[in-house]
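J.: Structure file upload05.pdb (PDB, C-alpha atoms and all ligand atoms) is given on the next line.
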```pdb
ATOM      1  CA  MET A   1     122.127 117.105 115.164  1.00  0.00           C
ATOM      2  CA  LEU A   2     119.303 116.638 112.695  1.00  0.00           C
ATOM      3  CA  GLY A   3     115.981 116.276 114.446  1.00  0.00           C
ATOM      4  CA  LEU A   4     116.504 117.783 117.874  1.00  0.00           C
ATOM      5  CA  ARG A   5     114.672 120.590 119.601  1.00  0.00           C
ATOM      6  CA  HIS A   6     114.700 121.918 123.137  1.00  0.00           C
ATOM      7  CA  TYR A   7     111.377 123.234 124.352  1.00  0.00           C
ATOM      8  CA  ARG A   8     110.400 124.339 127.858  1.00  0.00           C
ATOM      9  CA  GLY A   9     113.112 122.300 129.497  1.00  0.00           C
ATOM     10  CA  THR A  10     112.542 119.104 127.528  1.00  0.00           C
ATOM     11  CA  ALA A  11     114.636 117.774 124.635  1.00  0.00           C
ATOM     12  CA  ILE A  12     112.543 116.365 121.799  1.00  0.00           C
ATOM     13  CA  ASP A  13     114.415 114.243 119.301  1.00  0.00           C
ATOM     14  CA  LEU A  14     114.057 111.616 116.591  1.00  0.00           C
ATOM     15  CA  PHE A  15     115.902 108.321 116.219  1.00  0.00           C
ATOM     16  CA  GLN A  16     115.555 105.779 113.421  1.00  0.00           C
ATOM     17  CA  GLY A  17     115.717 102.193 114.652  1.00  0.00           C
ATOM     18  CA  ASP A  18     114.229  99.417 116.753  1.00  0.00           C
ATOM     19  CA  ILE A  19     112.706 100.679 119.996  1.00  0.00           C
ATOM     20  CA  THR A  20     113.334  97.379 121.808  1.00  0.00           C
ATOM     21  CA  SER A  21     117.067  98.092 121.923  1.00  0.00           C
ATOM     22  CA  PHE A  22     116.695 101.774 122.783  1.00  0.00           C
ATOM     23  CA  VAL A  23     117.897 102.650 126.290  1.00  0.00           C
ATOM     24  CA  CYS A  24     115.371 104.876 128.088  1.00  0.00           C
ATOM     25  CA  ASP A  25     113.316 105.157 131.273  1.00  0.00           C
ATOM     26  CA  ALA A  26     109.844 104.612 129.793  1.00  0.00           C
ATOM     27  CA  MET A  27     109.309 102.703 126.550  1.00  0.00           C
ATOM     28  CA  VAL A  28     105.890 103.341 125.032  1.00  0.00           C
ATOM     29  CA  ASN A  29     104.153 100.411 123.344  1.00  0.00           C
ATOM     30  CA  ALA A  30     101.496 100.686 120.626  1.00  0.00           C
ATOM     31  CA  ALA A  31      99.239  98.098 122.258  1.00  0.00           C
ATOM     32  CA  ASN A  32      95.695  96.914 121.603  1.00  0.00           C
ATOM     33  CA  SER A  33      92.772  97.134 124.044  1.00  0.00           C
ATOM     34  CA  SER A  34      93.065  93.528 125.200  1.00  0.00           C
ATOM     35  CA  LEU A  35      96.700  94.088 126.264  1.00  0.00           C
ATOM     36  CA  ARG A  36      97.415  90.535 125.131  1.00  0.00           C
ATOM     37  CA  GLY A  37     100.212  91.433 122.716  1.00  0.00           C
ATOM     38  CA  GLY A  38      99.961  91.516 118.953  1.00  0.00           C
ATOM     39  CA  GLY A  39     102.013  92.250 115.866  1.00  0.00           C
ATOM     40  CA  GLY A  40     104.332  95.115 115.008  1.00  0.00           C
ATOM     41  CA  VAL A  41     106.044  96.961 117.818  1.00  0.00           C
ATOM     42  CA  ASP A  42     103.734  95.314 120.387  1.00  0.00           C
ATOM     43  CA  GLY A  43     104.934  91.840 119.395  1.00  0.00           C
ATOM     44  CA  ALA A  44     108.561  92.948 119.440  1.00  0.00           C
ATOM     45  CA  ILE A  45     108.249  94.523 122.911  1.00  0.00           C
ATOM     46  CA  HIS A  46     106.697  91.369 124.397  1.00  0.00           C
ATOM     47  CA  GLN A  47     109.171  89.108 122.641  1.00  0.00           C
ATOM     48  CA  VAL A  48     112.256  90.966 123.802  1.00  0.00           C
ATOM     49  CA  GLY A  49     110.864  91.956 127.215  1.00  0.00           C
ATOM     50  CA  GLY A  50     109.744  88.443 128.144  1.00  0.00           C
ATOM     51  CA  PRO A  51     106.639  87.012 129.883  1.00  0.00           C
ATOM     52  CA  SER A  52     106.615  89.278 132.945  1.00  0.00           C
ATOM     53  CA  ILE A  53     105.149  92.078 130.810  1.00  0.00           C
ATOM     54  CA  LEU A  54     102.229  89.955 129.624  1.00  0.00           C
ATOM     55  CA  GLU A  55     101.601  88.680 133.166  1.00  0.00           C
ATOM     56  CA  GLU A  56     101.157  92.246 134.388  1.00  0.00           C
ATOM     57  CA  CYS A  57      99.033  93.149 131.349  1.00  0.00           C
ATOM     58  CA  VAL A  58      96.722  90.233 132.134  1.00  0.00           C
ATOM     59  CA  ARG A  59      96.377  91.465 135.730  1.00  0.00           C
ATOM     60  CA  ILE A  60      95.504  94.970 134.501  1.00  0.00           C
ATOM     61  CA  GLY A  61      92.956  93.500 132.078  1.00  0.00           C
ATOM     62  CA  ARG A  62      92.187  96.156 129.476  1.00  0.00           C
ATOM     63  CA  CYS A  63      93.120  99.569 128.165  1.00  0.00           C
ATOM     64  CA  GLU A  64      90.652 101.691 126.224  1.00  0.00           C
ATOM     65  CA  THR A  65      91.575 103.508 123.014  1.00  0.00           C
ATOM     66  CA  GLY A  66      93.288 106.806 123.832  1.00  0.00           C
ATOM     67  CA  ASP A  67      94.302 105.632 127.306  1.00  0.00           C
ATOM     68  CA  ALA A  68      97.591 104.278 128.732  1.00  0.00           C
ATOM     69  CA  VAL A  69      98.711 101.846 131.448  1.00  0.00           C
ATOM     70  CA  ILE A  70     102.130 101.076 132.912  1.00  0.00           C
ATOM     71  CA  THR A  71     103.919  97.752 133.551  1.00  0.00           C
ATOM     72  CA  THR A  72     107.342  96.338 134.228  1.00  0.00           C
ATOM     73  CA  ALA A  73     109.776  96.423 131.310  1.00  0.00           C
ATOM     74  CA  GLY A  74     111.039  92.876 131.875  1.00  0.00           C
ATOM     75  CA  ARG A  75     114.313  92.406 130.041  1.00  0.00           C
ATOM     76  CA  LEU A  76     113.966  95.557 127.925  1.00  0.00           C
ATOM     77  CA  PRO A  77     116.528  98.338 128.396  1.00  0.00           C
ATOM     78  CA  ALA A  78     113.926 100.538 130.136  1.00  0.00           C
ATOM     79  CA  LYS A  79     112.561 100.915 133.660  1.00  0.00           C
ATOM     80  CA  LYS A  80     108.915 100.630 132.624  1.00  0.00           C
ATOM     81  CA  VAL A  81     106.729 100.036 129.588  1.00  0.00           C
ATOM     82  CA  ILE A  82     103.773 102.344 129.026  1.00  0.00           C
ATOM     83  CA  HIS A  83     101.134 100.639 126.893  1.00  0.00           C
ATOM     84  CA  THR A  84      98.874 102.982 124.977  1.00  0.00           C
ATOM     85  CA  VAL A  85      96.113 102.091 122.550  1.00  0.00           C
ATOM     86  CA  GLY A  86      95.947 104.319 119.499  1.00  0.00           C
ATOM     87  CA  PRO A  87      92.881 104.464 117.257  1.00  0.00           C
ATOM     88  CA  ILE A  88      92.300 102.267 114.231  1.00  0.00           C
ATOM     89  CA  TRP A  89      92.077 104.551 111.174  1.00  0.00           C
ATOM     90  CA  ARG A  90      88.504 104.591 109.840  1.00  0.00           C
ATOM     91  CA  GLY A  91      88.796 107.496 107.420  1.00  0.00           C
ATOM     92  CA  GLY A  92      89.265 110.283 109.943  1.00  0.00           C
ATOM     93  CA  THR A  93      85.657 110.953 110.922  1.00  0.00           C
ATOM     94  CA  GLU A  94      85.489 108.681 113.976  1.00  0.00           C
ATOM     95  CA  GLY A  95      87.444 110.891 116.369  1.00  0.00           C
ATOM     96  CA  GLU A  96      90.771 109.336 115.400  1.00  0.00           C
ATOM     97  CA  ALA A  97      92.770 112.566 115.799  1.00  0.00           C
ATOM     98  CA  GLU A  98      91.422 113.220 119.303  1.00  0.00           C
ATOM     99  CA  LEU A  99      92.083 109.639 120.354  1.00  0.00           C
ATOM    100  CA  LEU A 100      95.623 109.667 118.961  1.00  0.00           C
ATOM    101  CA  TYR A 101      96.286 113.015 120.654  1.00  0.00           C
ATOM    102  CA  SER A 102      95.045 111.491 123.892  1.00  0.00           C
ATOM    103  CA  SER A 103      97.343 108.443 123.554  1.00  0.00           C
ATOM    104  CA  TYR A 104     100.387 110.730 123.560  1.00  0.00           C
ATOM    105  CA  GLN A 105      99.010 112.900 126.392  1.00  0.00           C
ATOM    106  CA  LYS A 106      98.189 109.960 128.651  1.00  0.00           C
ATOM    107  CA  SER A 107     101.534 108.278 127.985  1.00  0.00           C
ATOM    108  CA  LEU A 108     103.536 111.422 128.731  1.00  0.00           C
ATOM    109  CA  HIS A 109     101.553 112.250 131.881  1.00  0.00           C
ATOM    110  CA  LEU A 110     101.988 108.685 133.151  1.00  0.00           C
ATOM    111  CA  ALA A 111     105.742 108.895 132.557  1.00  0.00           C
ATOM    112  CA  ALA A 112     106.002 112.253 134.341  1.00  0.00           C
ATOM    113  CA  GLU A 113     103.918 111.057 137.309  1.00  0.00           C
ATOM    114  CA  SER A 114     106.197 108.016 137.583  1.00  0.00           C
ATOM    115  CA  LYS A 115     109.352 110.190 137.376  1.00  0.00           C
ATOM    116  CA  LEU A 116     110.480 108.428 134.218  1.00  0.00           C
ATOM    117  CA  LEU A 117     112.410 111.265 132.671  1.00  0.00           C
ATOM    118  CA  HIS A 118     113.469 109.858 129.294  1.00  0.00           C
ATOM    119  CA  VAL A 119     110.544 108.540 127.250  1.00  0.00           C
ATOM    120  CA  ALA A 120     110.862 106.645 123.957  1.00  0.00           C
ATOM    121  CA  ILE A 121     107.778 106.458 121.728  1.00  0.00           C
ATOM    122  CA  PRO A 122     107.116 104.629 118.437  1.00  0.00           C
ATOM    123  CA  SER A 123     104.830 106.054 115.752  1.00  0.00           C
ATOM    124  CA  ILE A 124     101.523 105.022 117.311  1.00  0.00           C
ATOM    125  CA  SER A 125      98.688 103.793 115.025  1.00  0.00           C
ATOM    126  CA  THR A 126     100.645 104.197 111.772  1.00  0.00           C
ATOM    127  CA  GLY A 127     101.377 100.490 111.222  1.00  0.00           C
ATOM    128  CA  ILE A 128      98.670  97.837 111.426  1.00  0.00           C
ATOM    129  CA  TYR A 129      96.123 100.464 112.598  1.00  0.00           C
ATOM    130  CA  GLY A 130      96.542 102.330 109.299  1.00  0.00           C
ATOM    131  CA  TYR A 131      96.653 105.987 110.428  1.00  0.00           C
ATOM    132  CA  PRO A 132      98.281 108.058 107.626  1.00  0.00           C
ATOM    133  CA  VAL A 133     101.732 108.832 108.960  1.00  0.00           C
ATOM    134  CA  THR A 134     101.965 112.499 107.874  1.00  0.00           C
ATOM    135  CA  ASP A 135      98.772 113.342 109.758  1.00  0.00           C
ATOM    136  CA  ALA A 136      99.605 111.106 112.710  1.00  0.00           C
ATOM    137  CA  ALA A 137     103.016 112.722 113.151  1.00  0.00           C
ATOM    138  CA  MET A 138     101.465 116.205 113.262  1.00  0.00           C
ATOM    139  CA  VAL A 139      98.883 115.117 115.850  1.00  0.00           C
ATOM    140  CA  GLY A 140     101.567 113.403 117.928  1.00  0.00           C
ATOM    141  CA  MET A 141     103.996 116.310 117.783  1.00  0.00           C
ATOM    142  CA  LYS A 142     101.271 118.820 118.747  1.00  0.00           C
ATOM    143  CA  SER A 143     100.376 116.622 121.690  1.00  0.00           C
ATOM    144  CA  ILE A 144     104.041 116.511 122.746  1.00  0.00           C
ATOM    145  CA  LYS A 145     104.336 120.299 122.432  1.00  0.00           C
ATOM    146  CA  ASN A 146     101.172 120.915 124.446  1.00  0.00           C
ATOM    147  CA  PHE A 147     102.385 118.532 127.126  1.00  0.00           C
ATOM    148  CA  CYS A 148     105.627 120.548 127.404  1.00  0.00           C
ATOM    149  CA  ASP A 149     103.565 123.750 127.698  1.00  0.00           C
ATOM    150  CA  ASP A 150     101.450 122.225 130.494  1.00  0.00           C
ATOM    151  CA  LYS A 151     104.308 120.522 132.346  1.00  0.00           C
ATOM    152  CA  PRO A 152     107.552 122.370 131.650  1.00  0.00           C
ATOM    153  CA  GLN A 153     110.650 120.427 132.735  1.00  0.00           C
ATOM    154  CA  ALA A 154     108.549 117.438 133.810  1.00  0.00           C
ATOM    155  CA  LEU A 155     110.465 115.233 131.364  1.00  0.00           C
ATOM    156  CA  ARG A 156     114.102 115.501 130.381  1.00  0.00           C
ATOM    157  CA  ARG A 157     113.846 113.927 126.949  1.00  0.00           C
ATOM    158  CA  ILE A 158     111.177 112.598 124.588  1.00  0.00           C
ATOM    159  CA  THR A 159     112.585 110.486 121.752  1.00  0.00           C
ATOM    160  CA  MET A 160     110.432 109.368 118.840  1.00  0.00           C
ATOM    161  CA  VAL A 161     111.907 106.022 117.756  1.00  0.00           C
ATOM    162  CA  LEU A 162     110.944 105.476 114.135  1.00  0.00           C
ATOM    163  CA  PHE A 163     111.395 102.175 112.374  1.00  0.00           C
ATOM    164  CA  ASP A 164     111.679 103.161 108.723  1.00  0.00           C
ATOM    165  CA  SER A 165     112.850 106.185 106.770  1.00  0.00           C
ATOM    166  CA  GLU A 166     109.399 107.165 105.501  1.00  0.00           C
ATOM    167  CA  THR A 167     108.113 107.356 109.065  1.00  0.00           C
ATOM    168  CA  TYR A 168     111.250 109.191 110.157  1.00  0.00           C
ATOM    169  CA  LYS A 169     110.766 111.812 107.404  1.00  0.00           C
ATOM    170  CA  ALA A 170     107.129 112.378 108.353  1.00  0.00           C
ATOM    171  CA  TRP A 171     108.095 112.974 111.993  1.00  0.00           C
ATOM    172  CA  GLN A 172     110.986 115.218 110.986  1.00  0.00           C
ATOM    173  CA  LYS A 173     108.548 117.369 109.022  1.00  0.00           C
ATOM    174  CA  ALA A 174     106.212 117.518 112.010  1.00  0.00           C
ATOM    175  CA  LEU A 175     109.100 118.447 114.335  1.00  0.00           C
ATOM    176  CA  PHE A 176     110.226 121.280 112.072  1.00  0.00           C
ATOM    177  CA  THR A 177     106.641 122.497 111.590  1.00  0.00           C
ATOM    178  CA  CYS A 178     105.809 122.527 115.310  1.00  0.00           C
ATOM    179  CA  PHE A 179     109.236 123.893 116.336  1.00  0.00           C
ATOM    180  CA  PRO A 180     110.389 126.038 113.404  1.00  0.00           C
ATOM    181  CA  GLU A 181     113.167 127.808 115.311  1.00  0.00           C
ATOM    182  CA  ALA A 182     116.795 126.712 115.121  1.00  0.00           C
ATOM    183  CA  GLU A 183     117.858 123.878 117.349  1.00  0.00           C
ATOM    184  CA  GLY A 184     118.394 124.754 120.984  1.00  0.00           C
ATOM    185  CA  ASP A 185     116.747 128.158 121.153  1.00  0.00           C
ATOM    186  CA  ALA A 186     113.121 127.351 121.815  1.00  0.00           C
ATOM    187  CA  THR A 187     113.285 126.931 125.571  1.00  0.00           C
TER     188      THR A 187
HETATM  189  P1  LIG A 201      99.703 100.167 115.410  1.00  0.00           P
HETATM  190  O1  LIG A 201      98.897  98.901 115.579  1.00  0.00           O
HETATM  191  O2  LIG A 201      99.458 101.167 116.520  1.00  0.00           O
HETATM  192  O3  LIG A 201      99.575 100.746 114.053  1.00  0.00           O
HETATM  193  P2  LIG A 201     102.315  98.972 114.741  1.00  0.00           P
HETATM  194  O4  LIG A 201     103.244  98.298 115.666  1.00  0.00           O
HETATM  195  O5  LIG A 201     101.661  98.146 113.680  1.00  0.00           O
HETATM  196  O6  LIG A 201     101.228  99.713 115.682  1.00  0.00           O
HETATM  197  O7  LIG A 201     103.047 100.173 114.018  1.00  0.00           O
HETATM  198  C1  LIG A 201     103.372 101.393 114.630  1.00  0.00           C
HETATM  199  C2  LIG A 201     104.729 101.838 114.121  1.00  0.00           C
HETATM  200  O8  LIG A 201     105.744 101.101 114.798  1.00  0.00           O
HETATM  201  C3  LIG A 201     104.970 101.617 112.625  1.00  0.00           C
HETATM  202  O9  LIG A 201     105.665 102.748 112.097  1.00  0.00           O
HETATM  203  C4  LIG A 201     105.867 100.392 112.614  1.00  0.00           C
HETATM  204  O10 LIG A 201     106.726 100.379 111.461  1.00  0.00           O
HETATM  205  C5  LIG A 201     106.683 100.658 113.855  1.00  0.00           C
HETATM  206  N1  LIG A 201     107.421  99.531 114.432  1.00  0.00           N
HETATM  207  C6  LIG A 201     107.255  98.203 114.278  1.00  0.00           C
HETATM  208  N2  LIG A 201     108.176  97.521 114.986  1.00  0.00           N
HETATM  209  C7  LIG A 201     108.936  98.452 115.620  1.00  0.00           C
HETATM  210  C8  LIG A 201     110.061  98.424 116.499  1.00  0.00           C
HETATM  211  N3  LIG A 201     110.596  97.260 116.900  1.00  0.00           N
HETATM  212  N4  LIG A 201     110.585  99.598 116.938  1.00  0.00           N
HETATM  213  C9  LIG A 201     110.057 100.791 116.558  1.00  0.00           C
HETATM  214  N5  LIG A 201     109.002 100.892 115.746  1.00  0.00           N
HETATM  215  C10 LIG A 201     108.452  99.746 115.271  1.00  0.00           C
END
```
Output the file's structure as structure tokens, nothing else.
Ligand code: ADP

T.:
Amino acid sequence: MLGLRHYRGTAIDLFQGDITSFVCDAMVNAANSSLRGGGGVDGAIHQVGGPSILEECVRIGRCETGDAVITTAGRLPAKKVIHTVGPIWRGGTEGEAELLYSSYQKSLHLAAESKLLHVAIPSISTGIYGYPVTDAAMVGMKSIKNFCDDKPQALRRITMVLFDSETYKAWQKALFTCFPEAEGDAT
């Protein structure tokens, strides 16, 4: 299959489509700090998942950039939603890479701690928040790889769910750069 690697007991793969119909254990949302819903994937997750997600977000209150919180998944085909807040792109000199790296780390650790073994993640910060997708995909993939090094076998599968073909291609490049070996032999 195009876009699949196995690394330290975790499968890392790519899927082009709408994350709200993707069956998984933990669905990651590209949220904003207020956790009140918004546009893009955030809007779609709240719309499909229903009001129970927002109710729990309101109870939690806030999530800082680079951090992640967990709620019910409502009617979504997942057990939980993990809301992470990626950085707004401000030219690259405001710590954006570190914050984006942290968004992936926090989301993956939260999933592992909650025993949510299949995690689906959209391309955080590369829509409304304006992070250039080629750079964002490399930061995200490095964060995923480092997580697998720190916590081998903690997750069964990490799927990047990418909405459009340009985003898919950027993530495919990052996957092949971070895991250059042939599929299946990097464990
Ligand atoms: P951010 O504010 O973090 O940039 P966006 O939701 O605007 O978040 O965009 C992040 C990425 O999610 C973009 O690549 C966008 O095309 C994509 N996206 C939007 N809707 C969906 C969806 N339903 N499923 C998967 N990805 C989506």

J.: On this structure, the PyMOL selection byres (((chain A and resi 135-137) around 8) and not hetatm) would catch which residues? List them as a ChimeraX atom specification, sorted by chain and number.

T.: /A:97,100,123-126,131-134,138-141,170-171,174

J.: So that each row is one residue of chain A with an atom at most 10 Å from ligand LIG 201 (chain A), can you give its shortest atom pair and the distance in Å to one decimal, using only C-alpha atoms and all ligand atoms, rows by chain and rising number, as a Markdown table?

T.:
```
| residue | atom | partner | partner_atom | distance |
| --- | --- | --- | --- | --- |
| A:Phe15 | CA | A:LIG201 | C9 | 9.5 |
| A:Gln16 | CA | A:LIG201 | C9 | 8.1 |
| A:Gly17 | CA | A:LIG201 | C9 | 6.1 |
| A:Asp18 | CA | A:LIG201 | N4 | 3.7 |
| A:Ile19 | CA | A:LIG201 | N4 | 3.9 |
| A:Thr20 | CA | A:LIG201 | N3 | 5.6 |
| A:Ser21 | CA | A:LIG201 | N3 | 8.2 |
| A:Phe22 | CA | A:LIG201 | N4 | 8.7 |
| A:Val28 | CA | A:LIG201 | C9 | 9.8 |
| A:Asn29 | CA | A:LIG201 | O4 | 8.0 |
| A:Ala30 | CA | A:LIG201 | O2 | 4.6 |
| A:Ala31 | CA | A:LIG201 | O2 | 6.5 |
| A:Asn32 | CA | A:LIG201 | O1 | 7.1 |
| A:Gly38 | CA | A:LIG201 | O1 | 8.2 |
| A:Gly39 | CA | A:LIG201 | O4 | 6.2 |
| A:Gly40 | CA | A:LIG201 | O4 | 3.4 |
| A:Val41 | CA | A:LIG201 | N2 | 3.6 |
| A:Asp42 | CA | A:LIG201 | O4 | 5.6 |
| A:Gly43 | CA | A:LIG201 | O4 | 7.6 |
| A:Ala44 | CA | A:LIG201 | N3 | 5.4 |
| A:Ile45 | CA | A:LIG201 | N3 | 7.0 |
| A:Val48 | CA | A:LIG201 | N3 | 9.5 |
| A:Thr84 | CA | A:LIG201 | O2 | 8.7 |
| A:Val85 | CA | A:LIG201 | O2 | 7.0 |
| A:Gly86 | CA | A:LIG201 | O2 | 5.6 |
| A:Pro87 | CA | A:LIG201 | O2 | 7.4 |
| A:Ile88 | CA | A:LIG201 | O3 | 7.4 |
| A:Trp89 | CA | A:LIG201 | O3 | 8.9 |
| A:Leu100 | CA | A:LIG201 | O2 | 9.6 |
| A:Ala120 | CA | A:LIG201 | C9 | 9.5 |
| A:Ile121 | CA | A:LIG201 | C9 | 8.0 |
| A:Pro122 | CA | A:LIG201 | N5 | 5.0 |
| A:Ser123 | CA | A:LIG201 | C2 | 4.5 |
| A:Ile124 | CA | A:LIG201 | O2 | 4.4 |
| A:Ser125 | CA | A:LIG201 | O2 | 3.1 |
| A:Thr126 | CA | A:LIG201 | O3 | 4.3 |
| A:Gly127 | CA | A:LIG201 | O7 | 3.3 |
| A:Ile128 | CA | A:LIG201 | O5 | 3.8 |
| A:Tyr129 | CA | A:LIG201 | O3 | 3.8 |
| A:Gly130 | CA | A:LIG201 | O3 | 5.9 |
| A:Tyr131 | CA | A:LIG201 | O3 | 7.0 |
| A:Pro132 | CA | A:LIG201 | O3 | 9.8 |
| A:Val133 | CA | A:LIG201 | O9 | 7.9 |
| A:Met160 | CA | A:LIG201 | C9 | 8.9 |
| A:Val161 | CA | A:LIG201 | C9 | 5.7 |
| A:Leu162 | CA | A:LIG201 | N5 | 5.2 |
| A:Phe163 | CA | A:LIG201 | N5 | 4.3 |
| A:Asp164 | CA | A:LIG201 | O10 | 6.3 |
| A:Ser165 | CA | A:LIG201 | O9 | 9.6 |
| A:Glu166 | CA | A:LIG201 | O9 | 8.8 |
| A:Thr167 | CA | A:LIG201 | O9 | 6.0 |
| A:Tyr168 | CA | A:LIG201 | O9 | 8.7 |
```

J.: Please identify all polymer residues within 8 Å of Ser102 in chain A, counting only C-alpha atoms, omitting same-chain residues fewer than 6 positions from it, and present them as a list in words.

T.: Gly66, Asp67 and Ser143 of chain A

J.: One decimal, Å: what's the distance from CA of Lys80 in chain A over to CA of Asn146 in chain A, could you say?

T.: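 Separation between CA of Lys80 in chain A and CA of Asn146 in chain A: 23.2 Å.
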
J.: For the PyMOL selection byres (((chain A and resi 153) around 9) and not hetatm), applied here, can you spell out every residue it catches as a list in words?

T.: Tyr7, Arg8, Gly9, Thr10, Cys148, Lys151, Pro152, Ala154, Leu155 and Arg156 of chain A

J.: Write out the residues from the selection above, keeping C-alpha atoms, as a CSV table (one decimal), in the frame of the given file.

T.:
```
chain,number,residue,atom,x,y,z
A,7,TYR,CA,111.4,123.2,124.4
A,8,ARG,CA,110.4,124.3,127.9
A,9,GLY,CA,113.1,122.3,129.5
A,10,THR,CA,112.5,119.1,127.5
A,148,CYS,CA,105.6,120.5,127.4
A,151,LYS,CA,104.3,120.5,132.3
A,152,PRO,CA,107.6,122.4,131.6
A,154,ALA,CA,108.5,117.4,133.8
A,155,LEU,CA,110.5,115.2,131.4
A,156,ARG,CA,114.1,115.5,130.4
```

J.: Using all atoms listed in the file, which residues sit within 12 Å of Glu55 in chain A once same-chain residues fewer than 5 positions away are excluded, as a VMD selection string?

T.: chain A and resid 35 to 37 46 49 to 50 60 to 61 71 to 74

J.: Only C-alpha atoms, please: the residues just picked out, written as a PDB file, in the frame of the given file.

T.:
```
ATOM      1  CA  LEU A  35      96.700  94.088 126.264  1.00  0.00           C
ATOM      2  CA  ARG A  36      97.415  90.535 125.131  1.00  0.00           C
ATOM      3  CA  GLY A  37     100.212  91.433 122.716  1.00  0.00           C
ATOM      4  CA  HIS A  46     106.697  91.369 124.397  1.00  0.00           C
ATOM      5  CA  GLY A  49     110.864  91.956 127.215  1.00  0.00           C
ATOM      6  CA  GLY A  50     109.744  88.443 128.144  1.00  0.00           C
ATOM      7  CA  ILE A  60      95.504  94.970 134.501  1.00  0.00           C
ATOM      8  CA  GLY A  61      92.956  93.500 132.078  1.00  0.00           C
ATOM      9  CA  THR A  71     103.919  97.752 133.551  1.00  0.00           C
ATOM     10  CA  THR A  72     107.342  96.338 134.228  1.00  0.00           C
ATOM     11  CA  ALA A  73     109.776  96.423 131.310  1.00  0.00           C
ATOM     12  CA  GLY A  74     111.039  92.876 131.875  1.00  0.00           C
TER      13      GLY A  74
END
```

J.: What is the CA of His118 in chain A to CA of Thr159 in chain A distance in Å?

T.: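 Atom-to-atom, CA of His118 in chain A to CA of Thr159 in chain A, that is 7.6 Å.
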
J.: For Lys106 in chain A, which of A:Arg62, A:His83, A:Arg157, A:His6 is the closest residue, counting all atoms listed in the file?

T.: A:His83

J.: Any idea what the distance is between CA of Glu96 in chain A and CA of Gln47 in chain A?

T.: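 Separating CA of Glu96 in chain A from CA of Gln47 in chain A is a distance of 28.3 Å.
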
J.: For range 26-35 of chain A, what centre and edge lengths in Å (one decimal) does the axis-aligned box get once 6 Å is added on each side of all its listed atoms, as lines of an AutoDock Vina configuration file?

T.:
```
center_x = 101.3
center_y = 99.1
center_z = 125.2
size_x = 29.1
size_y = 23.1
size_z = 21.2
```

J.: Which residues, written as JSON, numbers by chain, have at least one atom at most 7 Å from Asp25 in chain A, with all atoms listed in the file counted and residues fewer than 5 positions away on the same chain left out?

T.: {"A": [78, 79, 80, 116, 117, 118, 119]}

J.: Which one of A:Ala111, A:Cys178, A:Val58, A:Ile158 sits closest to Val81 in chain A if you count all atoms listed in the file?

T.: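 Selected residue with least distance to Val81 in chain A: A:Ala111.
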
J.: Report as a ChimeraX atom specification the residues that result from applying the PyMOL selection byres (((chain A and resi 69) around 6) and not hetatm) to the structure here.

T.: /A:68,70,82-83

J.: Under the rule that all atoms listed in the file are counted, which of A:Phe147, A:Gln172, A:Glu181, A:Lys142 is the nearest residue to Gln105 in chain A?

T.: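 Looking at the shortest contact to Gln105 in chain A, the residue is A:Phe147.
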